[in-house]
Amino acid sequence: MESKLEKIKRLKKEKNIIVLAHYYVDGEIQKVADYIGDSFYLSKVGKNLKEKKIVFCGVSFMGESAKILSPEKIVLMPEMKANCPMANMVDLNEIKEMRKKYEDLAVVCYINSTSETKALVDVCVTSSNAETIIKSLPNKNIYFIPDKNLGTYLSKKILDKNFIFNKGYCVVHASVKKEQVLYMKNKYPTAKFLAHPECEYEILKLADYIGSTSGIIDFAVNSPYEEFIVGTESGILYKLKEMAPNKKFYLAKEDFSCEDMKKITVDKLLNVLENEDLEIKVSDEIIKKASLSLKKMLELAQTNKFKEEYDLIVVGTGVGGCYSVLNSNEDKKILMITKAKLEESDSYLAQGGICVLKDSNDFESFFEDTMKAGHYKNNEESVKEMITNSPKIIEELVSYGVDFEKRNEEFKYTKEGGHSKTRILYHKDITGEEITKKLLENVKKRKNTLILEDTTLMDIISKDNICYGAILKDKNGEIHRVYSKDVILACGGIGGNFENSTNYPHLTGDGVKISEKNNIKLKNLDYIQVHPTTLYSEKKGRRFLISESTRGEGAVLYNKNIDRFVDELMPRDYVTKEILAQMEGDNSKHIWLDMRPIKKRGINLEKRFPNILKRCREEGYDPNKELIPVVPAQHYFMGGIEVDLNSKTSMENLYAVGETSCNGVHGANRLASNSLLETLVFSKNAIKDIENKTLIRKGK
Ligand SMILES: Cc1cc2nc3c(=O)[nH]c(=O)nc-3n(C[C@H](O)[C@H](O)[C@H](O)COP(=O)(O)OP(=O)(O)OC[C@H]3O[C@@H](n4cnc5c(N)ncnc54)[C@H](O)[C@@H]3O)c2cc1C
């Protein structure tokens with residue numbers, strides 16, 4: 001004779017009906033179901049099925065959700081009285097009151113709720129997707145209904161939001177008592193305790209793993225552990241034993257069972273398949289309204305690279321960003337972004353070179369030159385830190401493949417304005433490109449780092465002066481909230497805000513503006529450096545820098561009468577002031593630079609400054625044969641986001657490095673070729689601080 005289960009299988013086939021079963025229904029029913037899962041999984045399955053009829057073996061809200069998502073389908077229930085008590089623990093008027101009381105409020109509703117409730121809320125969530133969805137919401141205030149326990153658990157994980165709770169709870173999960181769990185832990189000391197987040201928070205604190213029903217199954221099956229105390233409804237044991245037959249499972253309490261789920265029996269399933277009479281009905285109006293919150297759930301729960309949680313977000317792909325990534329441990333999950341293309345950073349544009357302490361005898365003079373250029377407004381500790389660490393930084397750059405000019409295997413050093421000695425390493429007149437290119441090549445090899453171009457930092461996620469991540473705009477203009485343990489701002493200078501600047505136009509001081517908005521301390525915002533010599537042009541756009549090293553190698557400046565009027569190797573601000581005064585006196589739009597004296601010193605201009613020559617010729621001037629017109633332009637920002645020697649800002653978990661930051665190293669005026677060095681030294685310090693913090697977090 002045909003058994004009941006065989007009959008169920010036959011009817012399903014004959015009538016083309018799909019049976020969906022929740023993990024909490026009886027194992028016998030799970031045996032004959034087409035799909036078994038938690039409410040999120042089943043709601044997605046129901047929507048995507050091509051079959052027109054579904055039997056939903058679960059409580060009523062699950063059937064209603066399936067109907068709301070697929071109104072054209074017939075959704076049948078084996079037992080109409082199988083209800084979730086928690087679903088009815090919502091006062092609908094309270095939702096309206098909360099909306100009046102709180103600005104910037106999102107009403108977030110656990111899927112275990114009635115269709116009337118779903119019709120009034122902004123978005124639904126399940127225990128498996130709640131964290132992802134709430135984190136992606138822009139709202140500060142979250143009214144979480146109906147489950148206060150799940151809400152409490154989420155509020156401990158999402159620290160930047162303000163949670164308001166309802167009084168609802170799951171009668172099954174909330175019935176587990178601390179003593180019962182402690183008893184079981186004592187009885188099975190090696191067993192891992194797996195808890196559902198509907199349990200009370202004091203129970204969750206005892207758990208080794210907290211997750212949705214499917215999360216618990218995944219953990220138990222895939223973790224190396226052998227024994228588990230299961231903190232959820234007994235129906236889960238069917239799947240656990242099927243998927244991990246050799247592991248041991250004990251319920252956290254004996255009678256861990258949901259009365260309503262157990263109302264669904266094999267007989268009732270058979271009955272509904274035979275008669276097709278117990279159909280879920282939801283009014284068109286409720287379907288229309290509730291489907292919005294359910295569809296929003298499906299949309300927001302879709303995972304992508306922006307929904308991942310990172311250990312570190314690095315904003316910027318210049319030397320500051322690159323060196324931060326390269327100094328991080330490879331087990332860190334890093335997101336690195338730039339608002340433009342990878343190579344479009346000021347680091348790439350650096351021409352002259354990078355300073356180094358070439359021998360310890362130069363310390364005093366290097367220190368004095370930096371302080372003097374900075375008008376003694378510098379932070380002495382920062383200057384010492386930079387100089388002391390410079391030989392190590394150069395050694396590391398060479399290990400990354402950076403090629404500095406050499407003679408007989410020894411480094412060649414050059415000089416720029418404000419330097420009393422030669423101490424600058426260089427690579428032709430494209431030192432920045434050489435360094436940044438090699439660093440980027442190494443960053444790209446890092447499997448732990450996801451690099452996204454055309455992705456702009458719009459704001460940071462923060463609460464109570466703690467940073468929790470970044471708000472990003474992707475290349476399609478979509479906004480994402482991305483969470484991260486730490487954030488490093490390496491977003492460069494401010495030149496994009498000036499009509500005449502040597503900087504890339506997209507460098508508009510975003511890090512500084514965002515910091516100001518978030519009450520993060522800033523410093524020396526009026527310390528802006530103007531470079532004395534950029535190629536004069538009638539055309540609009542970025543000003544091309546004529547490196548100070550041309551003057552270091554012998555080039556001279558002339559006024560309109562071709563007379564020298566300034567000591568060309570004085571610090572930048574002094575030379576700039578003299579040039580501007582001269583231009584005003586001459587009523588001229590530029591002064592002249594003569595690079596021919598360099599040739600007279602026996603230096604081949606084509607080899608030493610190929611990039612500058614190429615660009616001058618594009619503008620119609622040949623520095624080998626004639627004078628070239630030059631004019632001052634905004635170049636560098638000495639002020640910025642205030643940081644300490646570890647590049648830490650005044651906000652927890654937020655760091656700033658490079659030109660966007662201000663550790664005081666440059667004082668009121670930067671000494672030439674100190675900025676690449678500064679950026680590298682203090683990026684490395686930021687990472688050291690982050691790694692130390694990680695060790696503390698891990699309790700090591
Ligand atoms: C023409 C020129 C020549 C120079 N020559 C020298 C030299 O010879 N020696 C020297 O030491 N220094 C030199 N400098 C200065 C030096 O290059 C820079 O100060 C230094 O490289 C800054 O590095 P950084 O990593 O802080 O910023 P940058 O290299 O400018 O990188 C900034 C990065 O942040 C990204 N970014 C900005 N805002 C956002 C946002 N909102 N969202 C996402 N990404 C964002 C940018 O796209 C970019 O990737 C020169 C500068 C210029 C302009």
# chains A, B, ... in the order shown; residues from 1 in each chain; ligands from 1
$ closest_atom_pairs --of "chain A" --to "ligand 1" --cutoff "7 Å" --atoms "only C-alpha atoms and all ligand atoms" --output "tab-separated table"
residue	atom	partner	partner_atom_place_in_ligand_line	distance
A:Val315	CA	ligand 1	44 (N)	5.1
A:Gly316	CA	ligand 1	34 (O)	3.3
A:Thr317	CA	ligand 1	49 (O)	3.8
A:Gly318	CA	ligand 1	29 (O)	3.4
A:Val319	CA	ligand 1	25 (O)	4.3
A:Gly320	CA	ligand 1	25 (O)	3.5
A:Gly321	CA	ligand 1	25 (O)	5.6
A:Ile337	CA	ligand 1	43 (C)	5.5
A:Thr338	CA	ligand 1	44 (N)	3.5
A:Lys339	CA	ligand 1	43 (C)	3.9
A:Ala340	CA	ligand 1	47 (O)	4.8
A:Lys341	CA	ligand 1	47 (O)	6.9
A:Leu342	CA	ligand 1	49 (O)	6.2
A:Glu344	CA	ligand 1	49 (O)	6.0
A:Ser345	CA	ligand 1	29 (O)	4.2
A:Asp346	CA	ligand 1	30 (O)	3.8
A:Ser347	CA	ligand 1	21 (O)	3.2
A:Tyr348	CA	ligand 1	29 (O)	6.5
A:Leu349	CA	ligand 1	1 (C)	4.8
A:Ala350	CA	ligand 1	5 (N)	3.1
A:Gln351	CA	ligand 1	8 (O)	4.2
A:Gly352	CA	ligand 1	8 (O)	3.4
A:Gly353	CA	ligand 1	8 (O)	4.2
A:Ile354	CA	ligand 1	11 (O)	5.1
A:Thr431	CA	ligand 1	8 (O)	6.6
A:Gly432	CA	ligand 1	17 (O)	6.4
A:Thr455	CA	ligand 1	43 (C)	5.8
A:Thr456	CA	ligand 1	42 (N)	3.5
A:Leu457	CA	ligand 1	42 (N)	3.7
A:Met458	CA	ligand 1	41 (N)	6.0
A:Ala490	CA	ligand 1	26 (O)	5.1
A:Cys491	CA	ligand 1	34 (O)	3.2
A:Gly492	CA	ligand 1	27 (O)	3.4
A:Gly493	CA	ligand 1	30 (O)	5.9
A:Thr502	CA	ligand 1	53 (C)	4.7
A:Asn503	CA	ligand 1	53 (C)	4.2
A:Tyr504	CA	ligand 1	53 (C)	7.0
A:His506	CA	ligand 1	47 (O)	6.8
A:Leu507	CA	ligand 1	37 (C)	5.2
A:Thr508	CA	ligand 1	38 (N)	6.7
A:Gly509	CA	ligand 1	38 (N)	6.6
A:Asp510	CA	ligand 1	41 (N)	4.9
A:Gly511	CA	ligand 1	41 (N)	6.5
A:Phe544	CA	ligand 1	1 (C)	6.5
A:Leu545	CA	ligand 1	1 (C)	5.0
A:His635	CA	ligand 1	53 (C)	5.9
A:Tyr636	CA	ligand 1	19 (O)	6.4
A:Val657	CA	ligand 1	26 (O)	6.1
A:Gly658	CA	ligand 1	26 (O)	3.4
A:Glu659	CA	ligand 1	26 (O)	4.0
A:Thr660	CA	ligand 1	26 (O)	5.9
A:Ala672	CA	ligand 1	9 (N)	6.3
A:Ser673	CA	ligand 1	11 (O)	3.3
A:Asn674	CA	ligand 1	11 (O)	4.5
A:Ser675	CA	ligand 1	11 (O)	3.7
A:Leu676	CA	ligand 1	11 (O)	3.7
A:Leu677	CA	ligand 1	11 (O)	6.0
A:Thr679	CA	ligand 1	26 (O)	6.1
$ residues_around --residues "stretch 268-273 of chain A" --least-positions-apart "3" --cutoff "7 Å" --atoms "only C-alpha atoms" --output "list in words"
Ile8, Leu11, Pro78, Glu79, Ile264, Thr265, Glu276, Asp277 and Leu278 of chain A
$ select_by_dssp --residues "stretch 402-510 of chain A" --states "helix (DSSP H, G or I)" --output "PyMOL selection string"
chain A and resi 431-444+495-497+510
$ atom_distance --atom1 "atom CA of A:Lys444" --atom2 "atom CA of A:Glu330"
12.5 Å
$ closest_atom_pairs --of "stretch 617-670 of chain A" --to "stretch 553-569 of chain A" --cutoff "10 Å" --atoms "only C-alpha atoms" --output "JSON lines"
{"residue": "A:Leu627", "atom": "CA", "partner": "A:Tyr558", "partner_atom": "CA", "distance": 8.9}
{"residue": "A:Ile628", "atom": "CA", "partner": "A:Leu557", "partner_atom": "CA", "distance": 9.7}
{"residue": "A:Pro629", "atom": "CA", "partner": "A:Tyr558", "partner_atom": "CA", "distance": 9.6}
{"residue": "A:Val630", "atom": "CA", "partner": "A:Leu557", "partner_atom": "CA", "distance": 9.0}
$ write_last_selection --atoms "N, CA and C atoms" --output "PDB file, in the first residue's frame"
ATOM      1  N   LEU A 627      65.245  81.087 -23.022  1.00  0.00           N
ATOM      2  CA  LEU A 627      64.645  81.256 -21.697  1.00  0.00           C
ATOM      3  C   LEU A 627      63.220  80.715 -21.742  1.00  0.00           C
ATOM      4  N   ILE A 628      62.723  80.240 -20.593  1.00  0.00           N
ATOM      5  CA  ILE A 628      61.318  79.802 -20.566  1.00  0.00           C
ATOM      6  C   ILE A 628      60.538  80.631 -19.545  1.00  0.00           C
ATOM      7  N   PRO A 629      59.260  80.967 -19.890  1.00  0.00           N
ATOM      8  CA  PRO A 629      58.488  81.818 -18.976  1.00  0.00           C
ATOM      9  C   PRO A 629      57.939  80.997 -17.805  1.00  0.00           C
ATOM     10  N   VAL A 630      58.100  81.484 -16.594  1.00  0.00           N
ATOM     11  CA  VAL A 630      57.595  80.758 -15.426  1.00  0.00           C
ATOM     12  C   VAL A 630      56.816  81.704 -14.511  1.00  0.00           C
TER      13      VAL A 630
END
$ atom_distance --atom1 "atom CA of A:Cys258" --atom2 "atom CA of A:Met62"
14.8 Å
$ closest_atom_pairs --of "stretch 564-612 of chain A" --to "stretch 372-377 of chain A" --cutoff "9 Å" --atoms "only C-alpha atoms" --output "tab-separated table"
residue	atom	partner	partner_atom	distance
A:Met570	CA	A:Ala373	CA	8.6
A:Pro571	CA	A:Ala373	CA	5.7
A:Arg572	CA	A:Ala373	CA	8.0
A:Asp573	CA	A:Ala373	CA	8.3
$ write_last_selection --atoms "C-alpha atoms" --output "PDB file, in the first residue's frame"
ATOM      1  CA  MET A 570      66.289  80.383  -0.963  1.00  0.00           C
ATOM      2  CA  PRO A 571      63.187  78.527   0.417  1.00  0.00           C
ATOM      3  CA  ARG A 572      60.090  78.500  -1.788  1.00  0.00           C
ATOM      4  CA  ASP A 573      58.012  81.068   0.022  1.00  0.00           C
TER       5      ASP A 573
END
$ select_by_dssp --residues "stretch 19-162 of chain A" --states "strand (DSSP E or B)" --output "PyMOL selection string"
chain A and resi 19-22+35-37+53-57+74-76+105-110+123-125+141-145+147+162
$ write_last_selection --atoms "N, CA and C atoms" --output "CSV table (one decimal), in the first residue's frame"
chain,number,residue,atom,x,y,z
A,19,VAL,N,6.6,22.1,-2.4
A,19,VAL,CA,6.5,22.2,-0.9
A,19,VAL,C,7.8,22.9,-0.4
A,20,LEU,N,7.5,23.9,0.4
A,20,LEU,CA,8.6,24.6,1.1
A,20,LEU,C,8.5,24.3,2.6
A,21,ALA,N,9.6,24.0,3.2
A,21,ALA,CA,9.6,23.7,4.6
A,21,ALA,C,10.6,24.4,5.4
A,22,HIS,N,10.2,25.0,6.5
A,22,HIS,CA,11.1,25.7,7.4
A,22,HIS,C,11.9,24.6,8.2
A,35,TYR,N,12.1,22.3,-1.0
A,35,TYR,CA,13.1,23.2,-0.5
A,35,TYR,C,13.0,23.3,1.0
A,36,ILE,N,14.2,23.3,1.7
A,36,ILE,CA,14.2,23.4,3.2
A,36,ILE,C,15.1,24.6,3.5
A,37,GLY,N,14.7,25.5,4.4
A,37,GLY,CA,15.5,26.6,4.7
A,37,GLY,C,15.0,27.5,5.8
A,53,LYS,N,1.8,26.9,-7.8
A,53,LYS,CA,1.3,26.5,-6.5
A,53,LYS,C,2.4,26.1,-5.5
A,54,ILE,N,2.2,26.7,-4.3
A,54,ILE,CA,3.2,26.4,-3.3
A,54,ILE,C,2.5,26.0,-2.0
A,55,VAL,N,3.0,25.0,-1.3
A,55,VAL,CA,2.5,24.7,0.0
A,55,VAL,C,3.7,25.1,1.0
A,56,PHE,N,3.3,26.0,1.9
A,56,PHE,CA,4.4,26.5,2.8
A,56,PHE,C,4.2,25.9,4.1
A,57,CYS,N,5.2,25.0,4.5
A,57,CYS,CA,5.1,24.3,5.8
A,57,CYS,C,5.9,25.2,6.8
A,74,ILE,N,-0.6,30.6,-6.0
A,74,ILE,CA,-1.5,30.1,-4.9
A,74,ILE,C,-0.6,29.6,-3.8
A,75,VAL,N,-0.8,30.2,-2.6
A,75,VAL,CA,0.1,29.8,-1.5
A,75,VAL,C,-0.8,29.1,-0.5
A,76,LEU,N,-0.6,27.8,-0.3
A,76,LEU,CA,-1.4,27.0,0.6
A,76,LEU,C,-0.6,26.7,1.9
A,105,LEU,N,14.4,58.4,10.8
A,105,LEU,CA,14.1,57.1,11.4
A,105,LEU,C,13.8,56.1,10.3
A,106,ALA,N,14.3,54.9,10.5
A,106,ALA,CA,13.9,53.8,9.6
A,106,ALA,C,13.2,52.8,10.5
A,107,VAL,N,12.0,52.4,10.1
A,107,VAL,CA,11.3,51.3,10.8
A,107,VAL,C,11.7,50.0,10.2
A,108,VAL,N,12.4,49.2,10.9
A,108,VAL,CA,13.0,47.9,10.4
A,108,VAL,C,12.2,46.8,11.1
A,109,CYS,N,11.7,45.9,10.3
A,109,CYS,CA,10.8,44.9,10.8
A,109,CYS,C,11.4,43.5,10.5
A,110,TYR,N,11.5,42.7,11.6
A,110,TYR,CA,11.9,41.3,11.4
A,110,TYR,C,10.8,40.6,10.6
A,123,VAL,N,11.6,48.6,5.8
A,123,VAL,CA,12.2,47.4,5.3
A,123,VAL,C,12.1,46.2,6.2
A,124,CYS,N,12.0,45.0,5.6
A,124,CYS,CA,12.0,43.8,6.4
A,124,CYS,C,13.4,43.2,6.5
A,125,VAL,N,13.7,42.5,7.5
A,125,VAL,CA,15.0,41.8,7.6
A,125,VAL,C,14.7,40.4,8.2
A,141,ASN,N,18.6,56.6,13.2
A,141,ASN,CA,17.7,56.0,14.2
A,141,ASN,C,17.0,54.8,13.6
A,142,ILE,N,17.0,53.7,14.3
A,142,ILE,CA,16.4,52.5,13.8
A,142,ILE,C,15.4,52.0,14.8
A,143,TYR,N,14.1,52.0,14.4
A,143,TYR,CA,13.1,51.4,15.3
A,143,TYR,C,12.9,50.0,14.9
A,144,PHE,N,13.4,49.1,15.8
A,144,PHE,CA,13.5,47.6,15.4
A,144,PHE,C,12.3,46.9,16.0
A,145,ILE,N,11.4,46.3,15.1
A,145,ILE,CA,10.3,45.6,15.6
A,145,ILE,C,10.2,44.2,15.0
A,147,ASP,N,11.1,42.0,17.5
A,147,ASP,CA,11.9,41.2,18.5
A,147,ASP,C,12.9,42.1,19.2
A,162,ASN,N,21.4,54.5,16.4
A,162,ASN,CA,20.7,54.6,17.6
A,162,ASN,C,19.4,53.7,17.5
$ closest_atom_pairs --of "stretch 128-204 of chain A" --to "stretch 465-468 of chain A" --cutoff "10 Å" --atoms "only C-alpha atoms" --output "CSV"
residue,atom,partner,partner_atom,distance
A:Ile158,CA,A:Tyr468,CA,9.0
A:Leu159,CA,A:Tyr468,CA,8.0
A:Asp160,CA,A:Tyr468,CA,7.0
$ write_last_selection --atoms "C-alpha atoms" --output "PDB file, in the first residue's frame"
ATOM      1  CA  ILE A 158      26.094  48.177  14.767  1.00  0.00           C
ATOM      2  CA  LEU A 159      27.498  50.849  16.996  1.00  0.00           C
ATOM      3  CA  ASP A 160      26.965  53.913  14.852  1.00  0.00           C
TER       4      ASP A 160
END
$ residues_around --residues "A:Asp26" --least-positions-apart "3" --cutoff "8 Å" --atoms "only C-alpha atoms" --output "ChimeraX atom specification"
/A:29-30,235,261-262,264-265
$ atom_distance --atom1 "atom CA of A:Phe228" --atom2 "atom CA of A:Glu198"
18.3 Å
$ residues_around --residues "A:Asp486" --least-positions-apart "4" --cutoff "12 Å" --atoms "only C-alpha atoms" --output "number ranges by chain"
A: 309-315, 324, 328, 332-335, 460-462, 466-470, 482, 648-649, 651-656, 686-687, 689-691, 693-694
$ write_last_selection --atoms "C-alpha atoms" --output "short mmCIF file (atom, residue, chain, number, x, y, z; two decimals), in the first residue's frame"
data_model
loop_
_atom_site.label_atom_id
_atom_site.label_comp_id
_atom_site.auth_asym_id
_atom_site.auth_seq_id
_atom_site.Cartn_x
_atom_site.Cartn_y
_atom_site.Cartn_z
CA GLU A 309 33.20 44.44 6.06
CA TYR A 310 36.87 45.43 5.87
CA ASP A 311 39.74 45.62 8.34
CA LEU A 312 41.00 48.72 6.63
CA ILE A 313 39.76 51.23 4.08
CA VAL A 314 42.51 53.28 2.45
CA VAL A 315 41.38 56.40 0.61
CA SER A 324 49.77 51.99 4.05
CA SER A 328 49.85 46.09 6.56
CA LYS A 332 44.04 42.10 6.71
CA LYS A 333 41.09 42.59 4.39
CA ILE A 334 41.70 45.95 2.73
CA LEU A 335 39.68 48.16 0.42
CA ILE A 460 32.82 58.73 7.08
CA ILE A 461 30.52 56.59 9.22
CA SER A 462 30.94 57.70 12.81
CA ILE A 466 34.54 56.74 16.69
CA CYS A 467 34.93 55.95 13.01
CA TYR A 468 33.17 52.81 11.74
CA GLY A 469 33.75 53.07 8.01
CA ALA A 470 33.18 55.18 4.94
CA VAL A 482 31.07 50.40 3.88
CA LYS A 648 46.08 59.27 14.31
CA THR A 649 43.41 61.93 14.00
CA MET A 651 38.73 60.51 16.02
CA GLU A 652 39.14 56.88 17.10
CA ASN A 653 40.00 54.43 14.29
CA LEU A 654 40.61 57.24 11.82
CA TYR A 655 44.09 58.03 10.47
CA ALA A 656 45.35 60.62 8.00
CA ALA A 686 49.88 54.64 11.00
CA ILE A 687 50.00 50.97 10.13
CA ASP A 689 49.65 51.79 15.36
CA ILE A 690 46.79 49.89 13.70
CA GLU A 691 48.65 46.58 13.96
CA LYS A 693 45.72 47.95 18.25
CA THR A 694 44.79 44.73 16.44
#
$ closest_residue --among "A:Leu150, A:Val530, A:Ile111, A:Val665" --to "A:Ala174" --atoms "only C-alpha atoms"
A:Leu150
$ closest_residue --among "A:Ser136, A:Asn408, A:Thr388, A:Ser661" --to "A:Lys523" --atoms "only C-alpha atoms"
A:Ser661
$ decode --residues "stretch 123-143 of chain A" --atoms "N, CA and C atoms" --output "PDB file, in the first residue's frame"
ATOM      1  N   VAL A 123      11.554  48.581   5.822  1.00  0.00           N
ATOM      2  CA  VAL A 123      12.248  47.418   5.252  1.00  0.00           C
ATOM      3  C   VAL A 123      12.095  46.233   6.202  1.00  0.00           C
ATOM      4  N   CYS A 124      12.029  45.035   5.621  1.00  0.00           N
ATOM      5  CA  CYS A 124      12.013  43.820   6.441  1.00  0.00           C
ATOM      6  C   CYS A 124      13.417  43.245   6.493  1.00  0.00           C
ATOM      7  N   VAL A 125      13.666  42.461   7.525  1.00  0.00           N
ATOM      8  CA  VAL A 125      14.958  41.762   7.634  1.00  0.00           C
ATOM      9  C   VAL A 125      14.732  40.378   8.198  1.00  0.00           C
ATOM     10  N   THR A 126      15.701  39.501   7.976  1.00  0.00           N
ATOM     11  CA  THR A 126      15.687  38.213   8.666  1.00  0.00           C
ATOM     12  C   THR A 126      16.896  38.203   9.597  1.00  0.00           C
ATOM     13  N   SER A 127      16.997  37.147  10.415  1.00  0.00           N
ATOM     14  CA  SER A 127      18.148  37.145  11.326  1.00  0.00           C
ATOM     15  C   SER A 127      19.446  37.000  10.546  1.00  0.00           C
ATOM     16  N   SER A 128      19.391  36.426   9.336  1.00  0.00           N
ATOM     17  CA  SER A 128      20.656  36.268   8.597  1.00  0.00           C
ATOM     18  C   SER A 128      21.053  37.528   7.836  1.00  0.00           C
ATOM     19  N   ASN A 129      20.103  38.358   7.471  1.00  0.00           N
ATOM     20  CA  ASN A 129      20.517  39.522   6.674  1.00  0.00           C
ATOM     21  C   ASN A 129      20.348  40.864   7.409  1.00  0.00           C
ATOM     22  N   ALA A 130      19.849  40.833   8.652  1.00  0.00           N
ATOM     23  CA  ALA A 130      19.534  42.090   9.353  1.00  0.00           C
ATOM     24  C   ALA A 130      20.743  43.026   9.456  1.00  0.00           C
ATOM     25  N   GLU A 131      21.893  42.469   9.815  1.00  0.00           N
ATOM     26  CA  GLU A 131      23.066  43.333  10.021  1.00  0.00           C
ATOM     27  C   GLU A 131      23.462  44.023   8.711  1.00  0.00           C
ATOM     28  N   THR A 132      23.520  43.251   7.634  1.00  0.00           N
ATOM     29  CA  THR A 132      23.899  43.827   6.329  1.00  0.00           C
ATOM     30  C   THR A 132      22.923  44.927   5.939  1.00  0.00           C
ATOM     31  N   ILE A 133      21.633  44.653   6.108  1.00  0.00           N
ATOM     32  CA  ILE A 133      20.628  45.619   5.653  1.00  0.00           C
ATOM     33  C   ILE A 133      20.664  46.888   6.500  1.00  0.00           C
ATOM     34  N   ILE A 134      20.700  46.731   7.802  1.00  0.00           N
ATOM     35  CA  ILE A 134      20.679  47.936   8.656  1.00  0.00           C
ATOM     36  C   ILE A 134      21.931  48.781   8.401  1.00  0.00           C
ATOM     37  N   LYS A 135      23.065  48.114   8.198  1.00  0.00           N
ATOM     38  CA  LYS A 135      24.292  48.876   7.940  1.00  0.00           C
ATOM     39  C   LYS A 135      24.195  49.655   6.631  1.00  0.00           C
ATOM     40  N   SER A 136      23.436  49.143   5.682  1.00  0.00           N
ATOM     41  CA  SER A 136      23.373  49.871   4.406  1.00  0.00           C
ATOM     42  C   SER A 136      22.324  50.997   4.423  1.00  0.00           C
ATOM     43  N   LEU A 137      21.539  51.078   5.500  1.00  0.00           N
ATOM     44  CA  LEU A 137      20.547  52.167   5.573  1.00  0.00           C
ATOM     45  C   LEU A 137      21.227  53.486   5.951  1.00  0.00           C
ATOM     46  N   PRO A 138      20.816  54.590   5.324  1.00  0.00           N
ATOM     47  CA  PRO A 138      21.459  55.865   5.670  1.00  0.00           C
ATOM     48  C   PRO A 138      20.984  56.429   7.013  1.00  0.00           C
ATOM     49  N   ASN A 139      19.837  55.916   7.546  1.00  0.00           N
ATOM     50  CA  ASN A 139      19.231  56.531   8.732  1.00  0.00           C
ATOM     51  C   ASN A 139      20.039  56.301  10.003  1.00  0.00           C
ATOM     52  N   LYS A 140      20.017  57.310  10.867  1.00  0.00           N
ATOM     53  CA  LYS A 140      20.739  57.202  12.154  1.00  0.00           C
ATOM     54  C   LYS A 140      19.907  56.419  13.160  1.00  0.00           C
ATOM     55  N   ASN A 141      18.569  56.645  13.173  1.00  0.00           N
ATOM     56  CA  ASN A 141      17.702  56.016  14.171  1.00  0.00           C
ATOM     57  C   ASN A 141      16.994  54.799  13.574  1.00  0.00           C
ATOM     58  N   ILE A 142      17.041  53.695  14.313  1.00  0.00           N
ATOM     59  CA  ILE A 142      16.431  52.457  13.828  1.00  0.00           C
ATOM     60  C   ILE A 142      15.387  52.004  14.850  1.00  0.00           C
ATOM     61  N   TYR A 143      14.111  51.982  14.411  1.00  0.00           N
ATOM     62  CA  TYR A 143      13.073  51.414  15.290  1.00  0.00           C
ATOM     63  C   TYR A 143      12.926  49.954  14.876  1.00  0.00           C
TER      64      TYR A 143
END
